[in-house]
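A short write-up of the structure that comes next.
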Amino acid sequence: MSRRSSGMIGDWAEAQRRQQRTQVIQQREAERRRRAWDRDVARGEREQQTAYRQRREAEARRRTEALEAEVAALRNLLVTGCRAAAFRMASLVRGERLEPFDPGALAHPVAMPRIEQFQQQISGMALGSYRRTQAEREADAQYRRASQKAHSVEIRRQQQLTEHRQQYDRWAAEQLVGIRAHNRGLTELAGRLRAGEAEAAVDYFSAALYASTAWPEELVRQVSAAYDQAARQLVLDWELPGYGVVPQAKSVRYLPGTDQDKETARPVTQRRALYRDLLAQCVLLVVRELYAADEFGALDSVVVNGFVDDHDPATGREAQIVLASVRADRADFSGLRLEQVSAVDCLVDGLRGQLSARPDQLTAVRPGRRPQEVGAVVSHGGAAGGDEDEPDLFAMDPIVFENLVAELFRAMGMEAVTTQRSGDGGVDVEALDPTPIRGGRIVVQVKRYRHTVPPTAVRDLYGTVQDRGANKGVLVTTATFGPTSYAFIADKPLELVDGSTLVGLLHQHGLRGRLGGGPAASLPAQRTAEPAPPPSPDHNVLGMSWAGSVALDVCALVCEGNRVLTEDHFVFFNNPRTPDGSVRTHAHSALDKAALLVSFDDLPQAADRLVLVAAIDPEVDPHADLAGFTDARIRLLDATGGELARLDVSDGRAGETALVLGSFRRRASGDWNFVLGGKGYPGGLAPLLGNFGIEVT
């Protein structure tokens, strides 16, 4: 019994030992697998970290390369620009080859049925003679019905084809009229350029600068120009890039320890030198572009004043600060090899120009001749077509004018409606052309201007077409378009209708309208000024106008420096004259929307500034802003109404409701010179007047 028990215990003990060995082996295998898993995980994490670090380092290198490329482009602006093709008027000529007529599916005649198709259905049938005769009669009847239906469809197809062809022919004729008028305008412009006409020179050379391919897209392009016909000299102000165009960073490096990119700053001296060199290149490139575009021999010399729009360090006010200026005669400039010059040395020493020593600190230089000093700017427009009893489009109420344009589109076979007065997104008329293929949705902007429509308006229309998903955009105006606008619309779904074309289309479709040339109703833009006595020989009239339909109050402040002399020297609709009568409101002519009467010699001795301001008329439209204040100018008239000069003023901006138009400033010689303004205020007259010492309650 004991031996047997001992054997059982031995077996149990051996089983326990085997089980323990198995467990130990399993534990060791599990530990081995766990360590292998941890190694795999750690390896994967290391590989991910390595890939992440490499990706961040590569991104830092790309940013560094982008900075280097940006700086290289600035350093080589002049060299690169000199390789660009010269602007030529021929690039604006529009070809007369139109999109051919494409009738689409209407070009294919309707397939006519054949009797055999119906007879084949009974040819294989085993029918008696009676039933076969009936089947043949039924097949013949089916053939006749199918044939009649096919003939009806074919007749409709031919009618639609004829209608579409007629529509295409009308469209093609209209297109050819517009193209030929445009090309005739270019021919006329060339003739005016050869004759040295000032307006033609300004239009052409401004277009050359705007259309130039020599300038990178990120650099600003803004020009104000005038042409001295006697001196054959173009004088222009050209906006220069700000100091921020030169990158502050020199390179970028990734720091794995902090997982951040670190920028290495560009040395201040290097950044300043690069900016100064860039300004010199810009001025030289402007002169080069002008002379390269002068295929008509209109220029003997060019004056360029390069400015930046910034805050004047002395006053803190926004101003145009001239940082570079040069007069370049053709004889001197033609001998330069611009690809090899040092831009700064060429501008300062070679051409004896001026360049700010510290442009980064807005240290100004004395400008050369300015466009406003050249003389009057010739206006566009005038009488064009229509009898005296027809309505003057210039004097027409803006809403009535938009309705007339919508009616014109309807007369041309389209559906057209005017939009709401607010929230229209820049669209005045929406039209739907039902014509197949070339038809679709059209957005129309209407501008009742007297002067050339700026290219910005055409670019804005293109943005509206894209935003609205329209097939086409049309800009209709009473004025004209410059070469830049026509160059912009090439290969774009845009069409420009100028004043003369508009009048022609109105008459062609049985509607009435003319451009000036007769009595005109006053425009709803300004409160009626009190009647004033006729101006004496020592007075001048300042007639002010603008293109938008926004209603404004135009006011004047007689100041010493930036402070009005007294509140009585603030002339507006409730205070129509200064105490001495040297400044007073005046009834404006049909060419203007507001007017002031000024005797500069009679202004108080303490006064050295006459500041002109404009503000939204809250009684007419309390929700308006100055976004509609465009194409503005001041006509300086003598006592007999003769025009002495035209002074351009800045456009308004959205959100602003008051604007400083400019100021006449007394010089030491006693003469008064006009200085352009441009500072806007979102709060109306109150904050504006506060800056001149008038507290508005």
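Chain labels follow the order of the structure tokens: the first chain is A, the next B, and so on; residue numbering restarts at 1 in every chain, and ligands are counted from 1 in their shown order.
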As a count of residues only, list the residues of range 538-640 of chain A assigned to strand (DSSP E) by DSSP on the backbone atoms of this structure. 40
Using only C-alpha atoms, determine which residues lie at most 8 Å from range 150-153 of chain A, disregarding the query and same-chain residues fewer than 4 positions distant; provide the list as number ranges by chain. A: 110-113, 146, 157
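You will find CA of Leu494 in chain A at 28.5 Å from CA of Trp238 in chain A.
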Distance query Asp631 in chain A at most 7 Å, only C-alpha atoms, self and fewer than 4 positions along chain excluded, as a PyMOL selection string: chain A and resi 546-547+651
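For the atom pair formed by CA of Ala208 in chain A and CA of Ala69 in chain A, the distance is 27.2 Å, given to one decimal.
Among A:Gln354, A:Thr478, A:Gln260, A:Gln23, the residue with the shortest atom-to-atom distance to Val405 in chain A, counting only C-alpha atoms, is A:Thr478.
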Distance criterion (only C-alpha atoms): nearest to Glu70 in chain A out of A:Pro391, A:Pro256, A:Gly662, A:Pro216: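 Closest to Glu70 in chain A of all the choices is A:Pro216.
The residue set within 12 Å of Asp277 in chain A, counting only C-alpha atoms and dropping same-chain residues fewer than 6 places from it, reads A:Val71, A:Leu74, A:Arg75, A:Asn76, A:Leu77, A:Leu78, A:Pro241, A:Tyr243, A:Val246, A:Gln270, A:Arg271, A:Val283, A:Leu284, A:Leu323, A:Ala324, A:Val341, A:Ser342, A:Ala343, A:Val344, A:Asp345, A:Cys346, A:Leu347, A:Val348, A:Leu355, A:Ser356, A:Ala357, A:Arg358, A:Pro359, A:Asp360.
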I'd like the interatomic distance between CA of Gln605 in chain A and CA of Pro579 in chain A, to a tenth of an Å.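 If I compute the distance from CA of Gln605 in chain A to CA of Pro579 in chain A, I get 13.9 Å.
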Which of range 300-498 of chain A counts as alpha helix (DSSP H) under DSSP, as a PyMOL selection string please? chain A and resi 330-334+343-345+398-411+455-468+483-488
When you count only C-alpha atoms, which of these residues is closest to Asp102 in chain A: A:Gln229, A:Ile634, A:Thr435, A:Asp460?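 Going through A:Gln229, A:Ile634, A:Thr435, A:Asp460 one by one, the smallest distance to Asp102 in chain A is for A:Thr435.
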Selected residue of minimal separation from Gly641 in chain A among A:Ser589, A:Thr480, A:Asn403, A:Asn305, counting only C-alpha atoms: A:Ser589
I'd like the neighbourhood of range 606-610 of chain A as number ranges by chain, where a residue qualifies if any of its atoms comes within 8 Å (using only C-alpha atoms), though same-chain residues fewer than 6 positions away should be ignored. A: 556-561, 565, 663-667
Store the residues picked out above in a file with all heavy atoms, as a short mmCIF file (atom, residue, chain, number, x, y, z; two decimals), in the first residue's frame.
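Resulting contents of selection26.cif:
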```
data_model
loop_
_atom_site.label_atom_id
_atom_site.label_comp_id
_atom_site.auth_asym_id
_atom_site.auth_seq_id
_atom_site.Cartn_x
_atom_site.Cartn_y
_atom_site.Cartn_z
N ALA A 556 -15.54 123.58 -47.38
CA ALA A 556 -14.21 124.20 -47.40
C ALA A 556 -13.88 124.71 -46.00
O ALA A 556 -14.76 125.17 -45.26
CB ALA A 556 -14.16 125.34 -48.40
N LEU A 557 -12.59 124.61 -45.63
CA LEU A 557 -12.11 125.13 -44.36
C LEU A 557 -10.95 126.07 -44.64
O LEU A 557 -9.99 125.70 -45.34
CB LEU A 557 -11.65 124.00 -43.44
CG LEU A 557 -12.70 122.96 -43.03
CD1 LEU A 557 -12.54 121.70 -43.88
CD2 LEU A 557 -12.56 122.62 -41.55
N VAL A 558 -11.04 127.29 -44.11
CA VAL A 558 -9.95 128.27 -44.22
C VAL A 558 -9.08 128.08 -42.98
O VAL A 558 -9.55 128.30 -41.85
CB VAL A 558 -10.49 129.70 -44.32
CG1 VAL A 558 -9.34 130.68 -44.47
CG2 VAL A 558 -11.45 129.82 -45.50
N CYS A 559 -7.84 127.67 -43.18
CA CYS A 559 -7.01 127.21 -42.06
C CYS A 559 -5.69 127.96 -41.98
O CYS A 559 -5.18 128.50 -42.98
CB CYS A 559 -6.72 125.72 -42.18
SG CYS A 559 -8.16 124.66 -42.19
N GLU A 560 -5.13 127.94 -40.78
CA GLU A 560 -3.72 128.26 -40.56
C GLU A 560 -3.07 126.97 -40.10
O GLU A 560 -3.33 126.49 -39.00
CB GLU A 560 -3.57 129.35 -39.50
CG GLU A 560 -2.10 129.72 -39.25
CD GLU A 560 -1.96 130.81 -38.21
OE1 GLU A 560 -2.95 131.18 -37.56
OE2 GLU A 560 -0.82 131.30 -38.03
N GLY A 561 -2.24 126.41 -40.96
CA GLY A 561 -1.72 125.08 -40.69
C GLY A 561 -2.85 124.07 -40.75
O GLY A 561 -3.64 124.05 -41.70
N LEU A 565 -9.44 128.77 -38.88
CA LEU A 565 -9.30 130.06 -38.21
C LEU A 565 -10.39 130.23 -37.15
O LEU A 565 -10.09 130.53 -35.98
CB LEU A 565 -9.36 131.19 -39.24
CG LEU A 565 -8.23 131.24 -40.27
CD1 LEU A 565 -8.39 132.45 -41.18
CD2 LEU A 565 -6.87 131.28 -39.58
N SER A 663 -5.87 120.39 -50.70
CA SER A 663 -5.81 121.74 -50.13
C SER A 663 -4.97 122.64 -51.02
O SER A 663 -4.00 122.20 -51.65
CB SER A 663 -5.21 121.70 -48.72
OG SER A 663 -3.90 121.16 -48.73
N PHE A 664 -5.40 123.89 -51.09
CA PHE A 664 -4.59 124.94 -51.72
C PHE A 664 -3.71 125.55 -50.63
O PHE A 664 -4.21 125.95 -49.57
CB PHE A 664 -5.49 126.01 -52.34
CG PHE A 664 -6.22 125.55 -53.58
CD1 PHE A 664 -7.46 124.96 -53.49
CD2 PHE A 664 -5.64 125.70 -54.83
CE1 PHE A 664 -8.13 124.53 -54.62
CE2 PHE A 664 -6.30 125.28 -55.97
CZ PHE A 664 -7.55 124.68 -55.86
N ARG A 665 -2.40 125.62 -50.87
CA ARG A 665 -1.46 126.09 -49.86
C ARG A 665 -0.72 127.33 -50.36
O ARG A 665 -0.25 127.36 -51.50
CB ARG A 665 -0.47 124.98 -49.49
CG ARG A 665 -1.17 123.74 -48.95
CD ARG A 665 -0.20 122.71 -48.43
NE ARG A 665 -0.91 121.52 -47.96
CZ ARG A 665 -0.32 120.48 -47.36
NH1 ARG A 665 1.00 120.49 -47.17
NH2 ARG A 665 -1.04 119.44 -46.97
N ARG A 666 -0.65 128.32 -49.48
CA ARG A 666 0.04 129.57 -49.84
C ARG A 666 1.55 129.36 -49.71
O ARG A 666 2.06 128.94 -48.67
CB ARG A 666 -0.41 130.70 -48.91
CG ARG A 666 -0.01 132.09 -49.42
CD ARG A 666 -0.01 133.12 -48.31
NE ARG A 666 -1.28 133.25 -47.63
CZ ARG A 666 -2.20 134.18 -47.90
NH1 ARG A 666 -1.99 135.06 -48.85
NH2 ARG A 666 -3.33 134.23 -47.20
N ARG A 667 2.28 129.67 -50.77
CA ARG A 667 3.73 129.59 -50.76
C ARG A 667 4.33 130.93 -50.35
O ARG A 667 3.63 131.94 -50.24
CB ARG A 667 4.26 129.17 -52.13
CG ARG A 667 3.69 127.84 -52.64
CD ARG A 667 3.95 126.73 -51.66
NE ARG A 667 3.46 125.44 -52.15
CZ ARG A 667 3.36 124.35 -51.40
NH1 ARG A 667 3.72 124.40 -50.12
NH2 ARG A 667 2.91 123.22 -51.91
#
```
